[in-house]
Each structure stands twice: as structure tokens, then as C-alpha cells.
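*Asks:* Handing you a structure now.
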Amino acid sequence: MKRRTLLALPLLVASAGGRSAEPHVAYPAVEAGVGLKFPRDHGSHPRFRTEWWYVTGHLDDPSGRTIGLQITFFRSRPGIAEGIRSEFAPVQIVFAHAALAIPSHGRLMHDQRAARTGFGLADASEDTTDVHIENWSFALRDGFYHARIAAREFDIDASFRPSAPPLLQGDAGVSRKGPLHGQASYYYSIPQLTVRGRVTMQGRTTPIEGIAWLDHEWSSEYLSEGARGWDWTGINLNDGGALMAFRIRDRDGNTYWSAGSHRDAAGRVTLFGREEIRFEALRQWRSPRTNVQYPVAMRVHAGSMSLTLDPLMDDQELDARSSVGTVYWEGAVHAVRENDGPVGRGYLELTGYGRPLRL
């Protein structure tokens with residue numbers, strides 16, 4: 001969902017000296033019935049306020065070790081200095097996060113980048129998925145996504161092969177985030193991505209393979225007034241299916257809005273409405289750095305489906321205050337169904353458990 005629309009704004013306001021968008025800037029609204037068109041909608045939509053390409057996955061190395069992977073690129077239009085004809089004007093800003101979760105390491109390894117477009121430092125193509133900040137990149141070429149990340153503690157060089165068409169979330173790709181029609185985003189997912197590549201840490205390069213999930217979403221909406229944050233999960237099921245569920249929480253921790261989808265191995269899609277999605281906290285973990293407490297083990301109910309999500313490790317908190325201005329928990333999880341055991345692998349995202357998102 002997003003969820004991530006909302007993350008990219010605090011730094012943009014700070015970079016503008018605290019100013020809001022220029023009065024004449026008109027951000028387009030998300031409209032039902034428009035219909036997503038590919039390959040064009042794999043690319044950037046620069047007129048909208050915020051956009052992201054979000055990859056999460058589970059990797060396995062030859063020793064049998066499991067590694068959680070997150071790579072995210074955000075594009076934001078802050079709505080300032082748009083009348084200035086200069087590459088110095090921050091008309092579009094690109095952010096990126098990258099993280100590896102390795103239980104033996106004990107904490108999340110992560111890094112982040114931010115740059116305005118121009119001067120060859122950063123860009124997001126409108127033609128297809130092709131976004132970069134310096135030597136960080138994520139691009140779709142010849143039917144494969146390719147990621148190259150040179151972080152402080154690790155390097156990633158990986159390809160992601162889709163096994164099925166995009167999964168349009170919500171109403172044909174229009175995903176509602178609240179009771180008002182304008183509270184929506186364009187949103188599609190590509191689950192069950194086959195991953196091949198290599199990870200380099202401490203001078204040692206290790207081949208990896210696994211399964212990943214891609215979300216691409218764009219919108220001009222802020223988080224609804226009165227909302228505190230959200231819980232989201234995307235699970236690649238072992239039978240070839242995929243489950244997505246989210247809820248937006250209000251200031252009291254209750255569900256403000258929720259939705260989800262399930263695509264089975266045969267490609268049949270079931271959409272879930274507000275009353276069919278429920279998140280149930282099973283276990284809490286408190287960060288030793290921020291003192292924020294997160295429900296890192298959850299039970300997710302989607303229609304008649306009920307899955308328990310257990311984290312690969314508890315400490316998967318990502319401190320992004322130096323880029324998008326917030327702290328959140330983004331964690332690799334195993335999905336377990338009662339009487340069936342492990343049924344999938346994916347990610348759980350938890351935001352707004354410290355300070356409410358002021359957006």
C-alpha cells in the first residue's frame with residue numbers, strides 16, 4: 001500500500017526550508033476506471049506527489065543461511081521551485097533504502113541515499129522501471145529486474161525474474177486507503193520473483209538465490225488525518241500463490257482502513273474488503289536504540305485464511321531519519337498455518353509505532 005507515499009515527505013519539507021508546496025502546484029488525483037497500462041506504468045509518474053518501487057525477499061546462500069532483503073527507491077515531487085529552470089531546483093527527489101537481515105549478525109544492516117534529479121546523480125525514467133542514485137540502481141530490462149547496490153557494509157548485484165503478470169491491487173489497480181474516494185493510490189505487485197545474484201560482505205562474495213516481492217505504487221495523497229501508521233504484509237506462498245494485506249491504524253491503534261488480496265497458483269484473484277482483514281499482535285519487541293515497541297509476531301486473517309507471521313529475527317528496525325525522516329520496522333517473516341506448518345515467506349512492515357506520522 002502505502003504506506004510509503006507517506007514516508008518520503010518530512011525530508012522534502014525540511015529541504016525546502018519548511019515550506020509547503022507552491023500554491024499553483026496541482027497534483028493529479030487517482031481516478032477509478034483509468035486502467036494501468038504496461039510497460040508504460042512500470043515507469044515513473046512524475047506529476048504525482050510520491051512513488052516507490054519496493055522489493056522485499058528471502059535469499060539463501062550455499063551454506064543454507066537465510067538472508068532477508070529489502071531494496072526501495074522512492075521518487076517524490078515536493079512541489080517547490082518548479083518555476084526555476086535550473087538543475088539545482090529540487091523538482092524531483094529520489095531516495096533509496098537497502099537492508100539485509102542476517103540472524104547471526106544480530107541487527108539489521110542498512111544504508112540509505114537521497115539526491116535531487118539532474119547532473120546524472122539521480123533519475124527515474126518514465127518509460128520503464130529504471131531508477132538510480134549514483135551507483136545504486138533498479139531497472140527492468142529484457143524481462144528481468146536488475147538491482148545493483150553499493151552500501152557501506154555490503155554490495156548487492158541481483159536479478160529478479162517475474163513468473164506471472166502484475167497483480168493489480170484494489171479495483172483494477174486503484175487501491176483505496178480511506179473512506180473518501182480521493183484517498184487512494186495506483187498500486188500493483190509482482191509476487192513470486194525468482195532471485196539470482198551475489199552479496200558481498202567484508203570482502204567475501206557469496207552467491208544467493210531465493211524469492212522476492214515487488215510493489216510499485218504512486219499517489220498524491222497524504223496519510224488521512226487521525227491515522228497513526230500502518231501494518232502491511234506481502235507473502236509468497238509455497239504453493240505459488242501470493243497474499244497481500246494491510247491496515248491503517250488510527251491514533252488509538254484501531255483499524256481505520258484495511259484491504260488485501262490473494263492470488264492462487266492458478267492465477268485466480270480474491271479481493272478482501274475492510275471487514276475481512278484483521279491483524280492480531282502475538283509478541284512485542286522493544287528496540288534498544290529508539291525504545292519503540294513493535295508487534296513483530298502477528299497473526300493475519302484474510303477472509304477464511306489465517307497465517308501466523310514469525311520474524312526471521314526481532315531486530316529489523318530501520319532508522320531512516322536521515323533520508324525520509326522516520327523510523328519503522330521492515331522485517332523478513334515466515335508464514336505458518338495451523339496444522340499445515342510453514343506455508344510461505346515474505347515481509348511485514350510496521351510504521352507509526354513510535355511517533356505518529358505527521359503527514
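Residues in the C-alpha cells are numbered from 1 in each chain, the chains being A, B, ... in the order shown, and ligands are numbered from 1 in the order shown.
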At a cut-off of 10 Å, can you tabulate as JSON lines every residue of stretch 100-218 of chain A near stretch 27-39 of chain A together with its closest atom pair and the distance in Å to one decimal, using only C-alpha atoms and ordering rows by chain then number?

*Replies:*
{"residue": "A:Asp127", "atom": "CA", "partner": "A:Pro39", "partner_atom": "CA", "distance": 7.6}
{"residue": "A:Thr128", "atom": "CA", "partner": "A:Pro39", "partner_atom": "CA", "distance": 6.3}
{"residue": "A:Thr129", "atom": "CA", "partner": "A:Pro39", "partner_atom": "CA", "distance": 8.8}
{"residue": "A:Leu140", "atom": "CA", "partner": "A:Pro39", "partner_atom": "CA", "distance": 9.9}
{"residue": "A:Pro166", "atom": "CA", "partner": "A:Phe38", "partner_atom": "CA", "distance": 9.3}
{"residue": "A:Leu168", "atom": "CA", "partner": "A:Leu36", "partner_atom": "CA", "distance": 8.4}
{"residue": "A:Asp171", "atom": "CA", "partner": "A:Ala32", "partner_atom": "CA", "distance": 7.5}
{"residue": "A:Ala172", "atom": "CA", "partner": "A:Gly35", "partner_atom": "CA", "distance": 6.5}
{"residue": "A:Gly173", "atom": "CA", "partner": "A:Leu36", "partner_atom": "CA", "distance": 6.6}
{"residue": "A:Val174", "atom": "CA", "partner": "A:Ala32", "partner_atom": "CA", "distance": 6.2}
{"residue": "A:Ser175", "atom": "CA", "partner": "A:Val30", "partner_atom": "CA", "distance": 9.2}
{"residue": "A:Arg176", "atom": "CA", "partner": "A:Val30", "partner_atom": "CA", "distance": 9.6}
{"residue": "A:His181", "atom": "CA", "partner": "A:Glu31", "partner_atom": "CA", "distance": 8.4}
{"residue": "A:Gly182", "atom": "CA", "partner": "A:Val30", "partner_atom": "CA", "distance": 6.6}
{"residue": "A:Gln183", "atom": "CA", "partner": "A:Val30", "partner_atom": "CA", "distance": 8.2}
{"residue": "A:Ala184", "atom": "CA", "partner": "A:Val30", "partner_atom": "CA", "distance": 6.2}
{"residue": "A:Ser185", "atom": "CA", "partner": "A:Val30", "partner_atom": "CA", "distance": 6.0}
{"residue": "A:Tyr186", "atom": "CA", "partner": "A:Val30", "partner_atom": "CA", "distance": 6.7}
{"residue": "A:Tyr187", "atom": "CA", "partner": "A:Leu36", "partner_atom": "CA", "distance": 9.1}
{"residue": "A:Tyr188", "atom": "CA", "partner": "A:Leu36", "partner_atom": "CA", "distance": 8.9}
{"residue": "A:Trp218", "atom": "CA", "partner": "A:Val30", "partner_atom": "CA", "distance": 8.8}

*Asks:* How would the residues just chosen look if you wrote them out with C-alpha atoms as a PDB file, in the first residue's frame?

*Replies:*
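Wrote out.pdb, looks like this:
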ATOM      1  CA  ASP A 127       9.373   4.726 -19.989  1.00  0.00           C
ATOM      2  CA  THR A 128      10.000   1.720 -17.766  1.00  0.00           C
ATOM      3  CA  THR A 129      11.395   0.833 -14.358  1.00  0.00           C
ATOM      4  CA  LEU A 140      13.711  -3.589 -15.799  1.00  0.00           C
ATOM      5  CA  PRO A 166       1.429  -7.976 -12.358  1.00  0.00           C
ATOM      6  CA  LEU A 168      -3.396  -5.303  -9.685  1.00  0.00           C
ATOM      7  CA  ASP A 171     -10.167  -2.060  -8.059  1.00  0.00           C
ATOM      8  CA  ALA A 172      -8.132  -2.785 -11.218  1.00  0.00           C
ATOM      9  CA  GLY A 173      -5.064  -1.136  -9.701  1.00  0.00           C
ATOM     10  CA  VAL A 174      -6.794   1.615  -7.699  1.00  0.00           C
ATOM     11  CA  SER A 175      -6.203   0.872  -4.020  1.00  0.00           C
ATOM     12  CA  ARG A 176      -8.363   2.744  -1.521  1.00  0.00           C
ATOM     13  CA  HIS A 181     -12.634   8.402  -2.992  1.00  0.00           C
ATOM     14  CA  GLY A 182      -9.563  10.607  -3.218  1.00  0.00           C
ATOM     15  CA  GLN A 183      -7.794   8.598  -0.517  1.00  0.00           C
ATOM     16  CA  ALA A 184      -6.272   6.110  -2.937  1.00  0.00           C
ATOM     17  CA  SER A 185      -3.181   5.110  -4.874  1.00  0.00           C
ATOM     18  CA  TYR A 186      -2.354   3.285  -8.083  1.00  0.00           C
ATOM     19  CA  TYR A 187      -0.846   0.022  -6.884  1.00  0.00           C
ATOM     20  CA  TYR A 188       0.316  -3.252  -8.357  1.00  0.00           C
ATOM     21  CA  TRP A 218       2.145   6.117  -6.787  1.00  0.00           C
TER      22      TRP A 218
END

*Asks:* Just the residues within 7 Å of stretch 71-84 of chain A, please, counting only C-alpha atoms, with nothing from its chain fewer than 3 positions along; format it as a PyMOL selection string.

*Replies:* chain A and resi 8+12+21-22+25+46+48-56+89-99

*Asks:* Counting only C-alpha atoms, figure out which residue out of A:Pro62, A:Gly197, A:Pro179, A:Gly240 gets nearest to A:Tyr145.

*Replies:*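 Among the listed residues, A:Gly197 lies closest to A:Tyr145.
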
*Asks:* I need the residues in stretch 153-310 of chain A that are strand (DSSP E) according to DSSP; give them as a ChimeraX atom specification.

*Replies:* /A:155-161,167-168,174-176,184-201,204-219,227-237,242-250,255-263,269-272,277-286,293-302,305-310

*Asks:* Write out, as JSON lines, each residue of stretch 230-298 of chain A that has an atom at most 6 Å from stretch 346-352 of chain A, together with the closest pair of atoms and their distance in Å to one decimal, counting only C-alpha atoms, rows going by chain and rising number.

*Replies:*
{"residue": "A:Trp230", "atom": "CA", "partner": "A:Thr351", "partner_atom": "CA", "distance": 5.4}
{"residue": "A:Asp231", "atom": "CA", "partner": "A:Leu350", "partner_atom": "CA", "distance": 4.8}
{"residue": "A:Trp232", "atom": "CA", "partner": "A:Glu349", "partner_atom": "CA", "distance": 5.1}
{"residue": "A:Thr233", "atom": "CA", "partner": "A:Leu348", "partner_atom": "CA", "distance": 4.5}
{"residue": "A:Gly234", "atom": "CA", "partner": "A:Gly346", "partner_atom": "CA", "distance": 5.6}
{"residue": "A:Ile235", "atom": "CA", "partner": "A:Gly346", "partner_atom": "CA", "distance": 4.2}
{"residue": "A:Asn236", "atom": "CA", "partner": "A:Gly346", "partner_atom": "CA", "distance": 5.8}

*Asks:* Keeping only C-alpha atoms, write those residues as a tab-separated table (two decimals), in the first residue's frame.

*Replies:*
chain	number	residue	atom	x	y	z
A	230	TRP	CA	0.01	1.07	9.17
A	231	ASP	CA	0.76	-2.65	9.14
A	232	TRP	CA	1.39	-4.34	5.79
A	233	THR	CA	2.46	-7.79	4.67
A	234	GLY	CA	3.28	-9.45	1.37
A	235	ILE	CA	3.71	-13.24	1.48
A	236	ASN	CA	4.97	-15.51	-1.30

*Asks:* Can you tell me which residues surround A:Leu193 at a distance of at most 12 Å, considering only C-alpha atoms, apart from same-chain residues fewer than 6 positions away, and format the answer as a PDB file with C-alpha atoms, in the first residue's frame?

*Replies:*
ATOM      1  CA  VAL A  55      11.487  -5.097  -3.288  1.00  0.00           C
ATOM      2  CA  THR A  56      11.496  -7.499  -0.343  1.00  0.00           C
ATOM      3  CA  GLY A  57      12.637 -11.099  -0.353  1.00  0.00           C
ATOM      4  CA  HIS A  58      14.223 -14.122   1.245  1.00  0.00           C
ATOM      5  CA  LEU A  59      17.617 -15.240  -0.060  1.00  0.00           C
ATOM      6  CA  GLY A 143      12.044  -9.128 -18.884  1.00  0.00           C
ATOM      7  CA  PHE A 144      14.249  -9.114 -15.752  1.00  0.00           C
ATOM      8  CA  TYR A 145      14.621  -6.618 -12.942  1.00  0.00           C
ATOM      9  CA  HIS A 146      18.232  -5.880 -12.013  1.00  0.00           C
ATOM     10  CA  ALA A 158      20.966  -9.441  -8.272  1.00  0.00           C
ATOM     11  CA  SER A 159      18.348 -10.158 -10.931  1.00  0.00           C
ATOM     12  CA  PHE A 160      14.645 -10.790 -10.359  1.00  0.00           C
ATOM     13  CA  ARG A 161      12.613 -12.816 -12.858  1.00  0.00           C
ATOM     14  CA  PRO A 162       8.798 -12.468 -12.860  1.00  0.00           C
ATOM     15  CA  SER A 163       6.845 -15.723 -13.075  1.00  0.00           C
ATOM     16  CA  ALA A 164       3.386 -14.181 -13.603  1.00  0.00           C
ATOM     17  CA  PRO A 165       1.785 -10.907 -14.766  1.00  0.00           C
ATOM     18  CA  PRO A 166       1.429  -7.976 -12.358  1.00  0.00           C
ATOM     19  CA  GLU A 209      19.089 -17.300  -4.769  1.00  0.00           C
ATOM     20  CA  GLY A 210      15.583 -17.003  -3.454  1.00  0.00           C
ATOM     21  CA  ILE A 211      12.132 -15.482  -3.849  1.00  0.00           C
ATOM     22  CA  ALA A 212      11.065 -11.828  -3.738  1.00  0.00           C
ATOM     23  CA  TRP A 213       8.095  -9.474  -3.966  1.00  0.00           C
ATOM     24  CA  LEU A 214       7.870  -6.118  -5.793  1.00  0.00           C
ATOM     25  CA  ASP A 215       5.406  -3.329  -5.013  1.00  0.00           C
ATOM     26  CA  ILE A 235       3.714 -13.242   1.480  1.00  0.00           C
ATOM     27  CA  ASN A 236       4.967 -15.510  -1.304  1.00  0.00           C
ATOM     28  CA  LEU A 237       3.144 -18.769  -0.596  1.00  0.00           C
ATOM     29  CA  GLY A 240       2.878 -20.483  -5.896  1.00  0.00           C
ATOM     30  CA  GLY A 241       0.191 -18.132  -4.614  1.00  0.00           C
ATOM     31  CA  ALA A 242       0.536 -14.703  -3.024  1.00  0.00           C
ATOM     32  CA  GLY A 346       7.575 -12.663   2.970  1.00  0.00           C
TER      33      GLY A 346
END

*Asks:* Taking only C-alpha atoms into account, which of A:Ser125, A:Thr117, A:Thr200, A:Thr270 comes nearest A:Arg148?

*Replies:* A:Thr200

*Asks:* Please compute the atom CA of A:Ile248-atom CA of A:Val333 distance, one decimal, in Å.

*Replies:*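 Taking atom CA of A:Ile248 as the start and atom CA of A:Val333 as the end point, the length is 19.9 Å.
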
*Asks:* Output as an NGL selection string all residues of stretch 94-287 of chain A that backbone DSSP marks as helix (DSSP H, G or I).

*Replies:* :A and (103-105 or 274-276)

*Asks:* I'd like the neighbourhood of A:Ser304 as JSON, numbers by chain, where a residue qualifies if any of its atoms comes within 12 Å (using only C-alpha atoms), though same-chain residues fewer than 3 positions away should be ignored.

*Replies:* {"A": [262, 270, 272, 275, 276, 277, 278, 300, 301, 307, 337]}

*Asks:* Rank nothing, just name the residue among A:Thr308, A:Asn135, A:Ser224, A:Thr290 nearest to A:Trp257, using only C-alpha atoms.

*Replies:*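 The shortest atom-to-atom distance to A:Trp257 comes from A:Ser224.
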
*Asks:* By how many Å are atom CA of A:Pro288 and atom CA of A:Ser104 apart?

*Replies:* 17.7 Å

*Asks:* Which one of A:Gly106, A:Gly229, A:Gly273, A:Gly68 sits closest to A:Asn254 if you count only C-alpha atoms?

*Replies:*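 That would be A:Gly229, the residue with the smallest distance to A:Asn254.
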
*Asks:* One decimal, in Å: what's the spacing between atom CA of A:Arg152 and atom CA of A:Gln293?

*Replies:* 27.1 Å

*Asks:* Excluding A:Tyr256 and residues on its chain fewer than 2 positions from it, collect all residues at most 8 Å away from it, counting only C-alpha atoms, and give them as a ChimeraX atom specification.

*Replies:* /A:178,227,247-250,254,258

*Asks:* Can you write just those residues out, C-alpha atoms, as a PDB file, in the first residue's frame?

*Replies:*
ATOM      1  CA  GLY A 178      -9.686   5.558   3.369  1.00  0.00           C
ATOM      2  CA  ALA A 227      -4.268   7.990  11.296  1.00  0.00           C
ATOM      3  CA  ARG A 247      -4.426  -1.972   7.675  1.00  0.00           C
ATOM      4  CA  ILE A 248      -4.102   1.718   8.511  1.00  0.00           C
ATOM      5  CA  ARG A 249      -4.315   2.339  12.258  1.00  0.00           C
ATOM      6  CA  ASP A 250      -5.899   5.320  13.951  1.00  0.00           C
ATOM      7  CA  ASN A 254      -7.699   0.603  15.989  1.00  0.00           C
ATOM      8  CA  SER A 258      -7.889  -2.242   5.581  1.00  0.00           C
TER       9      SER A 258
END
